[in-house]
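Shown next: start.cif, containing mmCIF, C-alpha atoms.
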data_run
loop_
_atom_site.label_atom_id
_atom_site.label_comp_id
_atom_site.auth_asym_id
_atom_site.auth_seq_id
_atom_site.Cartn_x
_atom_site.Cartn_y
_atom_site.Cartn_z
CA MET R 1 -48.59 -70.79 -38.74
CA ASP R 2 -45.25 -72.21 -37.63
CA VAL R 3 -41.90 -71.44 -39.25
CA ASP R 4 -42.15 -74.51 -41.54
CA GLY R 5 -45.56 -73.51 -42.86
CA SER R 6 -47.51 -75.91 -40.63
CA ILE R 7 -50.99 -74.63 -39.85
CA LEU R 8 -51.62 -74.41 -36.11
CA ASP R 9 -55.08 -74.39 -34.57
CA CYS R 10 -56.45 -73.59 -31.14
CA ILE R 11 -59.05 -76.30 -30.56
CA ASP R 12 -61.47 -76.97 -27.72
CA ILE R 13 -59.55 -78.95 -25.10
CA ASN R 14 -62.49 -81.36 -24.84
CA LYS R 15 -62.48 -82.06 -28.59
CA GLN R 16 -58.83 -83.00 -29.02
CA PRO R 17 -57.98 -86.35 -30.70
CA ALA R 18 -57.15 -88.05 -27.37
CA PHE R 19 -60.82 -88.55 -26.58
CA ASP R 20 -61.44 -90.70 -29.65
CA HIS R 21 -59.76 -93.48 -27.67
CA PRO R 22 -62.43 -96.02 -26.56
CA LEU R 23 -61.04 -96.07 -23.01
CA LEU R 24 -61.31 -92.29 -22.72
CA LYS R 25 -64.95 -91.74 -23.68
CA ASP R 26 -65.88 -90.62 -20.16
CA HIS R 27 -62.48 -89.34 -19.15
CA LYS R 28 -62.44 -86.23 -16.96
CA ILE R 29 -59.55 -83.95 -17.90
CA GLN R 30 -56.94 -83.38 -15.21
CA MET R 31 -55.73 -79.81 -15.71
CA THR R 32 -52.76 -80.03 -13.32
CA PRO R 33 -51.08 -82.91 -11.48
CA SER R 34 -51.90 -83.39 -7.80
CA SER R 35 -48.22 -82.88 -6.93
CA LEU R 36 -44.76 -82.79 -8.46
CA PRO R 37 -42.01 -85.23 -7.48
CA LYS R 38 -40.03 -84.02 -4.49
CA GLU R 39 -36.64 -82.78 -5.62
CA ILE R 40 -33.21 -82.47 -4.07
CA PRO R 41 -33.00 -78.72 -3.36
CA ASN R 42 -31.18 -76.45 -5.80
CA ILE R 43 -29.98 -79.17 -8.18
CA ARG R 44 -32.00 -78.22 -11.27
CA ASP R 45 -32.79 -74.61 -10.39
CA SER R 46 -29.15 -73.54 -10.66
CA ILE R 47 -28.46 -75.08 -14.10
CA PRO R 48 -27.92 -72.49 -16.87
CA GLN R 49 -29.35 -73.18 -20.30
CA HIS R 50 -30.06 -71.34 -23.53
CA PRO R 51 -33.82 -70.71 -23.65
CA MET R 52 -35.67 -72.06 -26.66
CA PRO R 53 -37.10 -69.15 -28.69
CA LYS R 54 -40.81 -68.55 -28.39
CA THR R 55 -42.42 -67.87 -31.77
CA LEU R 56 -46.00 -68.87 -31.04
CA GLU R 57 -48.87 -67.05 -29.37
CA LYS R 58 -50.68 -68.70 -26.48
CA CYS R 59 -54.13 -70.11 -27.25
CA PRO R 60 -57.19 -68.83 -25.31
CA GLU R 61 -58.34 -70.48 -22.08
CA GLY R 62 -60.18 -73.75 -22.70
CA THR R 63 -58.25 -74.56 -25.88
CA VAL R 64 -54.97 -76.27 -26.77
CA LEU R 65 -52.47 -75.66 -29.57
CA VAL R 66 -52.26 -78.43 -32.18
CA ARG R 67 -50.63 -78.87 -35.57
CA ARG R 68 -53.36 -79.32 -38.18
CA THR R 69 -53.35 -82.90 -39.41
CA ARG R 70 -53.03 -83.39 -43.15
CA LYS R 71 -54.01 -86.48 -45.13
CA GLU R 72 -50.35 -87.22 -45.80
CA ASP R 73 -49.65 -87.07 -42.04
CA LEU R 74 -52.16 -89.86 -41.40
CA VAL R 75 -50.77 -91.98 -44.22
CA ALA R 76 -47.21 -91.53 -42.93
CA ALA R 77 -48.21 -92.18 -39.31
CA LYS R 78 -49.96 -95.40 -40.28
CA ALA R 79 -46.91 -96.55 -42.25
CA VAL R 80 -44.56 -95.78 -39.36
CA SER R 81 -46.83 -97.51 -36.82
CA ASN R 82 -47.11 -100.56 -39.06
CA HIS R 83 -43.34 -100.59 -39.30
CA TYR R 84 -43.05 -100.60 -35.50
CA ARG R 85 -45.55 -103.44 -35.24
CA ALA R 86 -43.78 -105.52 -37.87
CA ASN R 87 -40.52 -105.06 -35.96
CA ALA R 88 -41.84 -105.22 -32.39
CA ASN R 89 -38.84 -107.27 -31.27
CA ALA R 90 -36.43 -104.46 -32.19
CA HIS R 91 -35.63 -103.54 -28.62
CA PRO R 92 -32.54 -102.06 -26.95
CA SER R 93 -32.00 -105.30 -25.03
CA THR R 94 -31.59 -107.22 -28.31
CA SER R 95 -28.88 -107.08 -30.94
CA LYS R 96 -29.22 -105.15 -34.22
CA TYR R 97 -32.58 -106.00 -35.72
CA PHE R 98 -34.07 -105.04 -39.07
CA GLY R 99 -32.07 -101.83 -39.42
CA PHE R 100 -32.65 -100.46 -35.90
CA HIS R 101 -29.67 -99.15 -33.93
CA PHE R 102 -29.55 -98.20 -30.24
CA GLN R 103 -26.98 -96.39 -28.09
CA LEU R 104 -28.43 -96.21 -24.60
CA VAL R 105 -27.88 -96.00 -20.90
CA LYS R 106 -30.51 -97.91 -18.94
CA THR R 107 -31.34 -99.01 -15.44
CA ALA R 108 -30.37 -102.58 -14.61
CA PRO R 109 -33.22 -105.11 -14.68
CA ASP R 110 -34.76 -105.28 -11.21
CA THR R 111 -38.38 -106.32 -10.81
CA SER R 112 -38.32 -105.27 -7.15
CA LYS R 113 -37.99 -101.62 -8.13
CA GLY R 114 -40.86 -99.59 -9.47
CA TYR R 115 -39.90 -96.37 -11.23
CA CYS R 116 -42.49 -93.61 -11.48
CA GLY R 117 -40.70 -91.32 -13.88
CA ALA R 118 -37.47 -89.70 -15.01
CA ALA R 119 -36.00 -86.31 -15.81
CA ALA R 120 -33.13 -85.14 -18.01
CA LYS R 121 -31.87 -82.43 -20.33
CA ILE R 122 -31.57 -83.73 -23.91
CA ASN R 123 -29.10 -81.92 -26.16
CA ILE R 124 -30.83 -80.89 -29.42
CA ARG R 125 -28.99 -81.69 -32.66
CA ASN R 126 -29.68 -82.11 -36.37
CA VAL R 127 -28.23 -84.51 -38.94
CA LYS R 128 -29.17 -85.36 -42.50
CA VAL R 129 -31.26 -88.49 -42.97
CA SER R 130 -32.99 -89.86 -46.05
CA GLU R 131 -36.74 -90.17 -46.59
CA ASN R 132 -37.03 -93.69 -45.16
CA GLN R 133 -34.68 -93.18 -42.21
CA PHE R 134 -34.96 -91.54 -38.81
CA SER R 135 -32.66 -90.47 -36.01
CA GLU R 136 -33.81 -89.72 -32.46
CA ALA R 137 -32.81 -88.90 -28.90
CA SER R 138 -35.21 -89.62 -26.07
CA ILE R 139 -36.13 -90.86 -22.62
CA TRP R 140 -37.92 -94.24 -22.53
CA ILE R 141 -40.05 -95.30 -19.58
CA GLN R 142 -41.30 -98.86 -19.91
CA ASN R 143 -42.41 -102.13 -18.42
CA SER R 144 -42.36 -105.79 -19.47
CA LEU R 145 -40.76 -107.16 -22.62
CA GLU R 146 -43.62 -109.62 -23.18
CA GLN R 147 -46.35 -106.98 -23.27
CA THR R 148 -44.31 -103.83 -23.47
CA ASN R 149 -45.93 -100.67 -22.18
CA ASN R 150 -43.75 -97.68 -22.87
CA ILE R 151 -43.61 -93.92 -23.17
CA GLN R 152 -40.96 -92.18 -25.22
CA PHE R 153 -40.33 -88.47 -25.41
CA GLY R 154 -37.52 -86.49 -27.01
CA TRP R 155 -36.58 -85.19 -30.44
CA THR R 156 -36.71 -86.86 -33.83
CA ILE R 157 -35.62 -86.23 -37.40
CA ASN R 158 -38.17 -88.18 -39.41
CA PRO R 159 -38.78 -87.08 -43.03
CA LYS R 160 -41.32 -89.85 -43.64
CA LEU R 161 -43.49 -88.65 -40.79
CA PHE R 162 -43.08 -84.87 -41.15
CA GLY R 163 -41.99 -84.39 -44.76
CA ASP R 164 -38.78 -82.51 -43.89
CA ASN R 165 -35.43 -82.82 -42.13
CA HIS R 166 -36.21 -80.54 -39.16
CA THR R 167 -35.55 -81.65 -35.60
CA ARG R 168 -38.90 -81.85 -33.82
CA SER R 169 -40.32 -82.85 -30.47
CA PHE R 170 -42.06 -86.21 -30.46
CA THR R 171 -43.71 -88.75 -28.23
CA TYR R 172 -44.62 -92.36 -28.86
CA TRP R 173 -46.47 -94.79 -26.63
CA THR R 174 -47.74 -98.35 -26.72
CA ALA R 175 -49.63 -100.59 -24.32
CA ASP R 176 -49.03 -103.98 -26.00
CA ASN R 177 -45.59 -103.98 -27.64
CA TYR R 178 -46.99 -102.21 -30.74
CA ARG R 179 -49.32 -105.10 -31.62
CA THR R 180 -52.53 -103.07 -31.74
CA THR R 181 -51.57 -99.84 -29.94
CA GLY R 182 -48.90 -97.30 -30.69
CA CYS R 183 -49.12 -93.66 -31.59
CA PHE R 184 -46.91 -90.73 -32.59
CA ASN R 185 -47.79 -87.39 -31.05
CA SER R 186 -51.49 -86.57 -31.54
CA LEU R 187 -51.97 -88.44 -34.81
CA CYS R 188 -54.10 -90.99 -32.99
CA PRO R 189 -55.88 -90.88 -29.62
CA GLY R 190 -54.19 -91.35 -26.25
CA PHE R 191 -52.09 -88.36 -25.14
CA VAL R 192 -54.13 -85.61 -23.47
CA GLN R 193 -52.63 -82.20 -24.18
CA ILE R 194 -52.96 -79.36 -21.66
CA SER R 195 -50.51 -76.79 -23.03
CA ARG R 196 -51.86 -73.71 -24.80
CA GLU R 197 -48.49 -72.67 -26.27
CA ASN R 198 -46.54 -75.84 -27.12
CA TYR R 199 -47.51 -78.73 -29.36
CA LEU R 200 -46.12 -82.16 -30.23
CA GLY R 201 -44.10 -82.11 -33.43
CA GLN R 202 -42.85 -78.59 -32.81
CA ILE R 203 -39.61 -77.54 -34.57
CA LEU R 204 -36.74 -77.18 -32.12
CA PRO R 205 -33.67 -74.90 -32.22
CA ILE R 206 -30.36 -76.60 -33.05
CA SER R 207 -27.22 -76.51 -30.91
CA GLU R 208 -24.00 -75.12 -32.36
CA TYR R 209 -21.59 -77.88 -33.35
CA GLY R 210 -18.43 -77.14 -31.36
CA GLY R 211 -19.92 -73.89 -30.06
CA ASP R 212 -21.10 -72.45 -26.76
CA VAL R 213 -24.80 -72.35 -27.62
CA GLN R 214 -26.25 -75.73 -26.65
CA TYR R 215 -30.04 -75.98 -26.70
CA MET R 216 -31.60 -78.48 -24.33
CA LEU R 217 -34.98 -80.21 -24.17
CA ASP R 218 -35.52 -80.13 -20.40
CA ILE R 219 -38.02 -82.89 -19.62
CA LEU R 220 -39.72 -84.40 -16.59
CA ILE R 221 -42.06 -87.40 -16.94
CA PHE R 222 -43.73 -88.64 -13.77
CA LYS R 223 -46.71 -90.61 -12.53
CA ASP R 224 -49.27 -88.62 -10.56
CA PRO R 225 -49.51 -90.33 -7.16
CA LYS R 226 -53.27 -89.76 -6.96
CA SER R 227 -54.69 -90.09 -10.48
CA GLY R 228 -52.04 -92.50 -11.78
CA ASN R 229 -51.75 -90.50 -15.02
CA TRP R 230 -48.26 -90.17 -16.51
CA TRP R 231 -47.49 -86.44 -16.81
CA MET R 232 -44.98 -84.65 -19.00
CA ALA R 233 -43.56 -81.26 -18.14
CA HIS R 234 -40.65 -79.18 -19.30
CA GLU R 235 -38.73 -76.56 -17.40
CA THR R 236 -38.59 -73.01 -18.72
CA LYS R 237 -35.58 -70.68 -18.55
CA HIS R 238 -37.07 -69.22 -15.36
CA GLY R 239 -37.09 -72.61 -13.61
CA ARG R 240 -40.88 -72.91 -13.91
CA LYS R 241 -42.51 -76.25 -14.69
CA GLU R 242 -44.79 -76.02 -17.72
CA PHE R 243 -47.14 -78.98 -18.17
CA ILE R 244 -47.52 -80.27 -21.73
CA GLY R 245 -50.07 -82.98 -20.93
CA TYR R 246 -50.38 -86.58 -19.82
CA TRP R 247 -50.98 -90.20 -20.81
CA PRO R 248 -54.02 -91.47 -18.85
CA LYS R 249 -53.46 -94.46 -16.59
CA SER R 250 -56.37 -96.27 -18.22
CA ILE R 251 -54.63 -96.71 -21.59
CA PHE R 252 -51.87 -98.83 -20.03
CA THR R 253 -51.80 -102.38 -18.66
CA THR R 254 -48.46 -103.42 -17.16
CA MET R 255 -47.45 -99.78 -16.59
CA ALA R 256 -50.64 -98.70 -14.86
CA ASP R 257 -48.81 -98.73 -11.52
CA SER R 258 -45.11 -98.20 -12.27
CA ALA R 259 -42.31 -98.87 -14.76
CA SER R 260 -39.53 -101.42 -14.40
CA GLU R 261 -36.97 -99.75 -16.66
CA ILE R 262 -35.74 -96.28 -17.63
CA GLN R 263 -33.62 -95.65 -20.72
CA PHE R 264 -31.78 -92.58 -21.99
CA GLY R 265 -30.11 -92.22 -25.38
CA GLY R 266 -30.36 -92.42 -29.13
CA LYS R 267 -32.01 -94.56 -31.75
CA ALA R 268 -31.68 -94.66 -35.53
CA TYR R 269 -33.27 -96.65 -38.30
CA SER R 270 -32.51 -97.34 -41.93
CA PRO R 271 -33.75 -99.94 -44.41
CA LEU R 272 -31.24 -102.76 -44.69
CA ASN R 273 -30.35 -101.78 -48.25
CA GLN R 274 -29.16 -98.30 -47.15
CA PRO R 275 -26.20 -97.17 -45.01
CA ALA R 276 -27.22 -96.34 -41.44
CA PRO R 277 -27.98 -92.63 -40.81
CA PRO R 278 -25.99 -90.43 -38.41
CA MET R 279 -27.08 -90.48 -34.76
CA GLY R 280 -26.88 -87.60 -32.28
CA SER R 281 -24.61 -84.94 -33.79
CA GLY R 282 -23.09 -87.44 -36.23
CA HIS R 283 -19.86 -87.34 -34.20
CA PHE R 284 -18.63 -89.09 -31.06
CA ASP R 285 -15.99 -87.99 -28.58
CA ALA R 286 -16.56 -89.16 -25.01
CA ASN R 287 -14.88 -86.00 -23.68
CA ASP R 288 -16.40 -83.33 -25.92
CA PHE R 289 -19.89 -82.11 -24.99
CA SER R 290 -19.79 -79.34 -27.62
CA ARG R 291 -19.48 -81.73 -30.57
CA THR R 292 -21.16 -84.86 -29.25
CA CYS R 293 -24.84 -85.21 -28.43
CA PHE R 294 -25.44 -85.75 -24.74
CA ILE R 295 -28.12 -86.18 -22.11
CA SER R 296 -27.38 -84.50 -18.80
CA ASN R 297 -28.89 -83.96 -15.35
CA MET R 298 -30.25 -87.51 -15.41
CA GLN R 299 -32.67 -88.27 -12.57
CA LEU R 300 -35.20 -90.98 -11.69
CA VAL R 301 -38.49 -90.89 -9.79
CA ASP R 302 -39.03 -93.63 -7.23
CA SER R 303 -42.27 -95.18 -5.94
CA SER R 304 -42.41 -92.60 -3.14
CA ASN R 305 -42.53 -89.76 -5.70
CA ILE R 306 -38.95 -88.69 -4.94
CA LEU R 307 -36.80 -87.36 -7.79
CA PHE R 308 -33.25 -88.62 -7.21
CA GLU R 309 -29.91 -88.79 -9.00
CA PRO R 310 -28.50 -92.21 -9.95
CA LYS R 311 -25.60 -92.03 -7.49
CA ASN R 312 -26.34 -95.48 -6.07
CA THR R 313 -28.21 -96.89 -9.08
CA SER R 314 -26.61 -99.31 -11.53
CA LEU R 315 -26.84 -97.91 -15.06
CA LEU R 316 -25.76 -100.01 -18.04
CA GLU R 317 -24.39 -98.95 -21.42
CA ILE R 318 -26.29 -100.70 -24.23
CA THR R 319 -25.07 -100.74 -27.82
CA ASP R 320 -26.37 -102.82 -30.70
CA ASN R 321 -23.08 -102.54 -32.57
CA PRO R 322 -19.61 -102.33 -30.91
CA ASN R 323 -17.95 -100.94 -34.05
CA PRO R 324 -16.56 -97.52 -32.99
CA ASN R 325 -16.78 -96.30 -36.59
CA CYS R 326 -20.57 -96.67 -36.44
CA TYR R 327 -21.94 -95.33 -33.14
CA GLN R 328 -20.77 -95.23 -29.52
CA VAL R 329 -22.15 -94.52 -26.06
CA ALA R 330 -20.48 -93.46 -22.82
CA TYR R 331 -22.03 -93.05 -19.39
CA LYS R 332 -19.90 -90.52 -17.54
CA GLY R 333 -21.59 -90.74 -14.15
CA TYR R 334 -21.17 -87.58 -12.07
CA THR R 335 -19.47 -84.87 -14.16
CA GLY R 336 -19.76 -81.90 -11.79
CA GLU R 337 -21.69 -78.72 -12.52
CA PRO R 338 -23.63 -77.94 -14.60
CA ARG R 339 -24.36 -81.34 -16.21
CA ARG R 340 -24.05 -83.54 -13.10
CA TYR R 341 -24.99 -87.13 -14.14
CA ALA R 342 -24.56 -87.35 -17.91
CA MET R 343 -24.00 -89.56 -20.95
CA LEU R 344 -22.84 -89.02 -24.54
CA PHE R 345 -23.84 -90.98 -27.63
CA GLY R 346 -23.95 -91.00 -31.41
CA GLY R 347 -21.76 -91.32 -34.46
CA PRO R 348 -21.68 -91.10 -38.25
CA GLY R 349 -23.47 -94.36 -39.05
CA GLY R 350 -22.76 -95.55 -42.57
CA THR R 351 -21.72 -98.95 -43.87
CA ALA R 352 -19.57 -99.58 -40.76
CA CYS R 353 -22.80 -100.33 -38.88
CA ASP R 354 -23.30 -103.45 -41.00
CA ALA R 355 -19.95 -104.95 -40.04
#
Just give me the structure as structure tokens.
Amino acid sequence: MDVDGSILDCIDINKQPAFDHPLLKDHKIQMTPSSLPKEIPNIRDSIPQHPMPKTLEKCPEGTVLVRRTRKEDLVAAKAVSNHYRANANAHPSTSKYFGFHFQLVKTAPDTSKGYCGAAAKINIRNVKVSENQFSEASIWIQNSLEQTNNIQFGWTINPKLFGDNHTRSFTYWTADNYRTTGCFNSLCPGFVQISRENYLGQILPISEYGGDVQYMLDILIFKDPKSGNWWMAHETKHGRKEFIGYWPKSIFTTMADSASEIQFGGKAYSPLNQPAPPMGSGHFDANDFSRTCFISNMQLVDSSNILFEPKNTSLLEITDNPNPNCYQVAYKGYTGEPRRYAMLFGGPGGTACDA
């Protein structure tokens, strides 16, 4: 049982929900990627971070750790997915749309480039949101606005989905701009989990506002050069890559080979009859990493499976609302050690977002 009372189960890796997907009936599980992206030496290994506390026991070999699905989870997941489908045009490249707000840094549109992943450290925060709102920070890897394929991973505060205001890990993917596909975590088939000690929807530790203790979600998403599966790994305090799982190549269409766009940042949603929720830490100061949510150590993976920093890559700031009393975003570029290439985002939300 997790700290919030969620029941956790160790289930047969071959009987996880992923294999209910019609395209994965005969899928052979890939236990490890064929290779990791080649990194610039000593960039990520030397970065200090506060380790996330381990409270869970590792499941036995041949099983994976999952949060037991309740009836209310399925009802909430269906409602959230339907909401995404009804608002499929709510995209960071558009203006404010149906209560969605975005504060992002993204790669410039360039169809000649094929990205095969990204890596970053996402600062973990918590703010208060109401039952029908959410606030998130994530990496987006995607292709094609017309038939959007995308993968998102980061943290979310989503009371409708989880029934509480905890900050939790989450992933969401779609292969057709949310029209018929789209899934949170393991609440529907698609993502193949490998990890025996981490699960999607796990409660995360919260950084100190204005303090020295800053918890980071250290994430690498990359396309396996042989299988074509999109892998997700996180880095432990010892600099070891721990594989969480992967999205099989076969569930995607336009992103089966590569992605055309990488995004980093925050997203928030509120019904139009409610003030917008806080984003990030609920505060924004472009020069204060202790009080403002940030994403650091930003890297991209190219088509040659090389992990590189965006020194010579054009990155754009995207905001759906320029009102500084709502939310803001700032790409800082190279900031030195330990954060290197970094951005900050967030704000209090509120009625100023409707101006």
Cut-off 12 Å: closest stretch 92-182 of chain R/stretch 186-210 of chain R atom pairs per residue, using all atoms listed in the file, as a Markdown table:
| residue | atom | partner | partner_atom | distance |
| --- | --- | --- | --- | --- |
| R:Ile122 | CA | R:Ser207 | CA | 11.0 |
| R:Asn123 | CA | R:Ser207 | CA | 7.4 |
| R:Ile124 | CA | R:Ile206 | CA | 5.6 |
| R:Arg125 | CA | R:Ile206 | CA | 5.3 |
| R:Asn126 | CA | R:Ile206 | CA | 6.5 |
| R:Val127 | CA | R:Ile206 | CA | 10.1 |
| R:Ile151 | CA | R:Phe191 | CA | 10.3 |
| R:Gln152 | CA | R:Phe191 | CA | 11.8 |
| R:Phe153 | CA | R:Leu200 | CA | 9.8 |
| R:Gly154 | CA | R:Leu200 | CA | 10.2 |
| R:Trp155 | CA | R:Leu204 | CA | 8.2 |
| R:Thr156 | CA | R:Gly201 | CA | 8.8 |
| R:Ile157 | CA | R:Ile203 | CA | 10.0 |
| R:Asn158 | CA | R:Gly201 | CA | 10.4 |
| R:Leu161 | CA | R:Gly201 | CA | 9.9 |
| R:Phe162 | CA | R:Gly201 | CA | 8.3 |
| R:Gly163 | CA | R:Gly201 | CA | 11.7 |
| R:Asp164 | CA | R:Ile203 | CA | 10.6 |
| R:Asn165 | CA | R:Ile203 | CA | 10.1 |
| R:His166 | CA | R:Ile203 | CA | 6.5 |
| R:Thr167 | CA | R:Leu204 | CA | 5.8 |
| R:Arg168 | CA | R:Ile203 | CA | 4.4 |
| R:Ser169 | CA | R:Gly201 | CA | 4.9 |
| R:Phe170 | CA | R:Gly201 | CA | 5.5 |
| R:Thr171 | CA | R:Leu200 | CA | 7.3 |
| R:Tyr172 | CA | R:Phe191 | CA | 9.3 |
| R:Trp173 | CA | R:Gly190 | CA | 8.5 |
| R:Thr174 | CA | R:Gly190 | CA | 9.5 |
| R:Ala175 | CA | R:Gly190 | CA | 10.5 |
| R:Thr181 | CA | R:Gly190 | CA | 9.6 |
| R:Gly182 | CA | R:Cys188 | CA | 8.5 |
Notebook entry, point to check: Quick one: which residues end up in the PyMOL selection byres ((chain R and resi 324) around 12) for this structure, as a PyMOL selection string?
Noted result: chain R and resi 103+283-286+319-323+325-330+345-350+352-353+355
Hey, what's within 9 Å of R:Cys116 if we count all atoms listed in the file and toss same-chain stuff fewer than 4 positions away? As a PDB file with C-alpha atoms, in the frame of the given file, please?
ATOM      1  CA  ILE R 141     -40.050 -95.300 -19.580  1.00  0.00           C
ATOM      2  CA  ILE R 221     -42.060 -87.400 -16.940  1.00  0.00           C
ATOM      3  CA  PHE R 222     -43.730 -88.640 -13.770  1.00  0.00           C
ATOM      4  CA  LYS R 223     -46.710 -90.610 -12.530  1.00  0.00           C
ATOM      5  CA  ASP R 224     -49.270 -88.620 -10.560  1.00  0.00           C
ATOM      6  CA  PRO R 225     -49.510 -90.330  -7.160  1.00  0.00           C
ATOM      7  CA  TRP R 230     -48.260 -90.170 -16.510  1.00  0.00           C
ATOM      8  CA  ASP R 257     -48.810 -98.730 -11.520  1.00  0.00           C
ATOM      9  CA  SER R 258     -45.110 -98.200 -12.270  1.00  0.00           C
ATOM     10  CA  ALA R 259     -42.310 -98.870 -14.760  1.00  0.00           C
ATOM     11  CA  SER R 260     -39.530-101.420 -14.400  1.00  0.00           C
ATOM     12  CA  LEU R 300     -35.200 -90.980 -11.690  1.00  0.00           C
ATOM     13  CA  VAL R 301     -38.490 -90.890  -9.790  1.00  0.00           C
ATOM     14  CA  ASP R 302     -39.030 -93.630  -7.230  1.00  0.00           C
ATOM     15  CA  SER R 303     -42.270 -95.180  -5.940  1.00  0.00           C
ATOM     16  CA  SER R 304     -42.410 -92.600  -3.140  1.00  0.00           C
ATOM     17  CA  ASN R 305     -42.530 -89.760  -5.700  1.00  0.00           C
ATOM     18  CA  ILE R 306     -38.950 -88.690  -4.940  1.00  0.00           C
TER      19      ILE R 306
END
Next item on the list: Rounded to one decimal place, report the atom CA of R:Ser130-atom CA of R:Pro277 distance in Å.
Entry: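 Those two atoms sit 7.8 Å apart.
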To verify the selection step, state as an mmCIF file with C-alpha atoms, keeping the file's coordinate frame which residues the PyMOL selection byres ((chain R and resi 17-19) around 12) yields on this input.
data_model
loop_
_atom_site.group_PDB
_atom_site.id
_atom_site.type_symbol
_atom_site.label_atom_id
_atom_site.label_comp_id
_atom_site.auth_asym_id
_atom_site.auth_seq_id
_atom_site.Cartn_x
_atom_site.Cartn_y
_atom_site.Cartn_z
ATOM 1 C CA ILE R 11 -59.050 -76.300 -30.560
ATOM 2 C CA ASP R 12 -61.470 -76.970 -27.720
ATOM 3 C CA ILE R 13 -59.550 -78.950 -25.100
ATOM 4 C CA ASN R 14 -62.490 -81.360 -24.840
ATOM 5 C CA LYS R 15 -62.480 -82.060 -28.590
ATOM 6 C CA GLN R 16 -58.830 -83.000 -29.020
ATOM 7 C CA ASP R 20 -61.440 -90.700 -29.650
ATOM 8 C CA HIS R 21 -59.760 -93.480 -27.670
ATOM 9 C CA PRO R 22 -62.430 -96.020 -26.560
ATOM 10 C CA LEU R 23 -61.040 -96.070 -23.010
ATOM 11 C CA LEU R 24 -61.310 -92.290 -22.720
ATOM 12 C CA LYS R 25 -64.950 -91.740 -23.680
ATOM 13 C CA ASP R 26 -65.880 -90.620 -20.160
ATOM 14 C CA HIS R 27 -62.480 -89.340 -19.150
ATOM 15 C CA LYS R 28 -62.440 -86.230 -16.960
ATOM 16 C CA ILE R 29 -59.550 -83.950 -17.900
ATOM 17 C CA VAL R 64 -54.970 -76.270 -26.770
ATOM 18 C CA VAL R 66 -52.260 -78.430 -32.180
ATOM 19 C CA ARG R 67 -50.630 -78.870 -35.570
ATOM 20 C CA ARG R 68 -53.360 -79.320 -38.180
ATOM 21 C CA THR R 69 -53.350 -82.900 -39.410
ATOM 22 C CA CYS R 183 -49.120 -93.660 -31.590
ATOM 23 C CA PHE R 184 -46.910 -90.730 -32.590
ATOM 24 C CA ASN R 185 -47.790 -87.390 -31.050
ATOM 25 C CA SER R 186 -51.490 -86.570 -31.540
ATOM 26 C CA LEU R 187 -51.970 -88.440 -34.810
ATOM 27 C CA CYS R 188 -54.100 -90.990 -32.990
ATOM 28 C CA PRO R 189 -55.880 -90.880 -29.620
ATOM 29 C CA GLY R 190 -54.190 -91.350 -26.250
ATOM 30 C CA PHE R 191 -52.090 -88.360 -25.140
ATOM 31 C CA VAL R 192 -54.130 -85.610 -23.470
ATOM 32 C CA GLN R 193 -52.630 -82.200 -24.180
ATOM 33 C CA ILE R 194 -52.960 -79.360 -21.660
ATOM 34 C CA GLY R 245 -50.070 -82.980 -20.930
ATOM 35 C CA TYR R 246 -50.380 -86.580 -19.820
ATOM 36 C CA TRP R 247 -50.980 -90.200 -20.810
ATOM 37 C CA PRO R 248 -54.020 -91.470 -18.850
ATOM 38 C CA ILE R 251 -54.630 -96.710 -21.590
#
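Applied to this file, the PyMOL selection byres ((chain R and resi 336-340) around 7) selects the residues R:Ile47, R:Ser296, R:Asn297, R:Tyr334, R:Thr335, R:Tyr341, R:Ala342.
Reported to one decimal place, the separation of atom CA of R:Ala120 from atom CA of R:Asn312 is 17.2 Å.
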Note to self: Between atom CA of R:Pro159 and atom CA of R:Gly265, what distance in Å does the model show, to one decimal?
What the structure shows: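 Computed distance, atom CA of R:Pro159 to atom CA of R:Gly265, equals 20.3 Å.
If all atoms listed in the file are the atoms counted, then among R:Ser112, R:Asn229, R:Asn149, R:Thr63 the closest residue to R:Ser35 is R:Asn229.
Considering the residues R:Glu39, R:His101, R:Met31, R:Thr313 and counting only C-alpha atoms, R:Glu61 has its shortest atom-to-atom contact with R:Met31.
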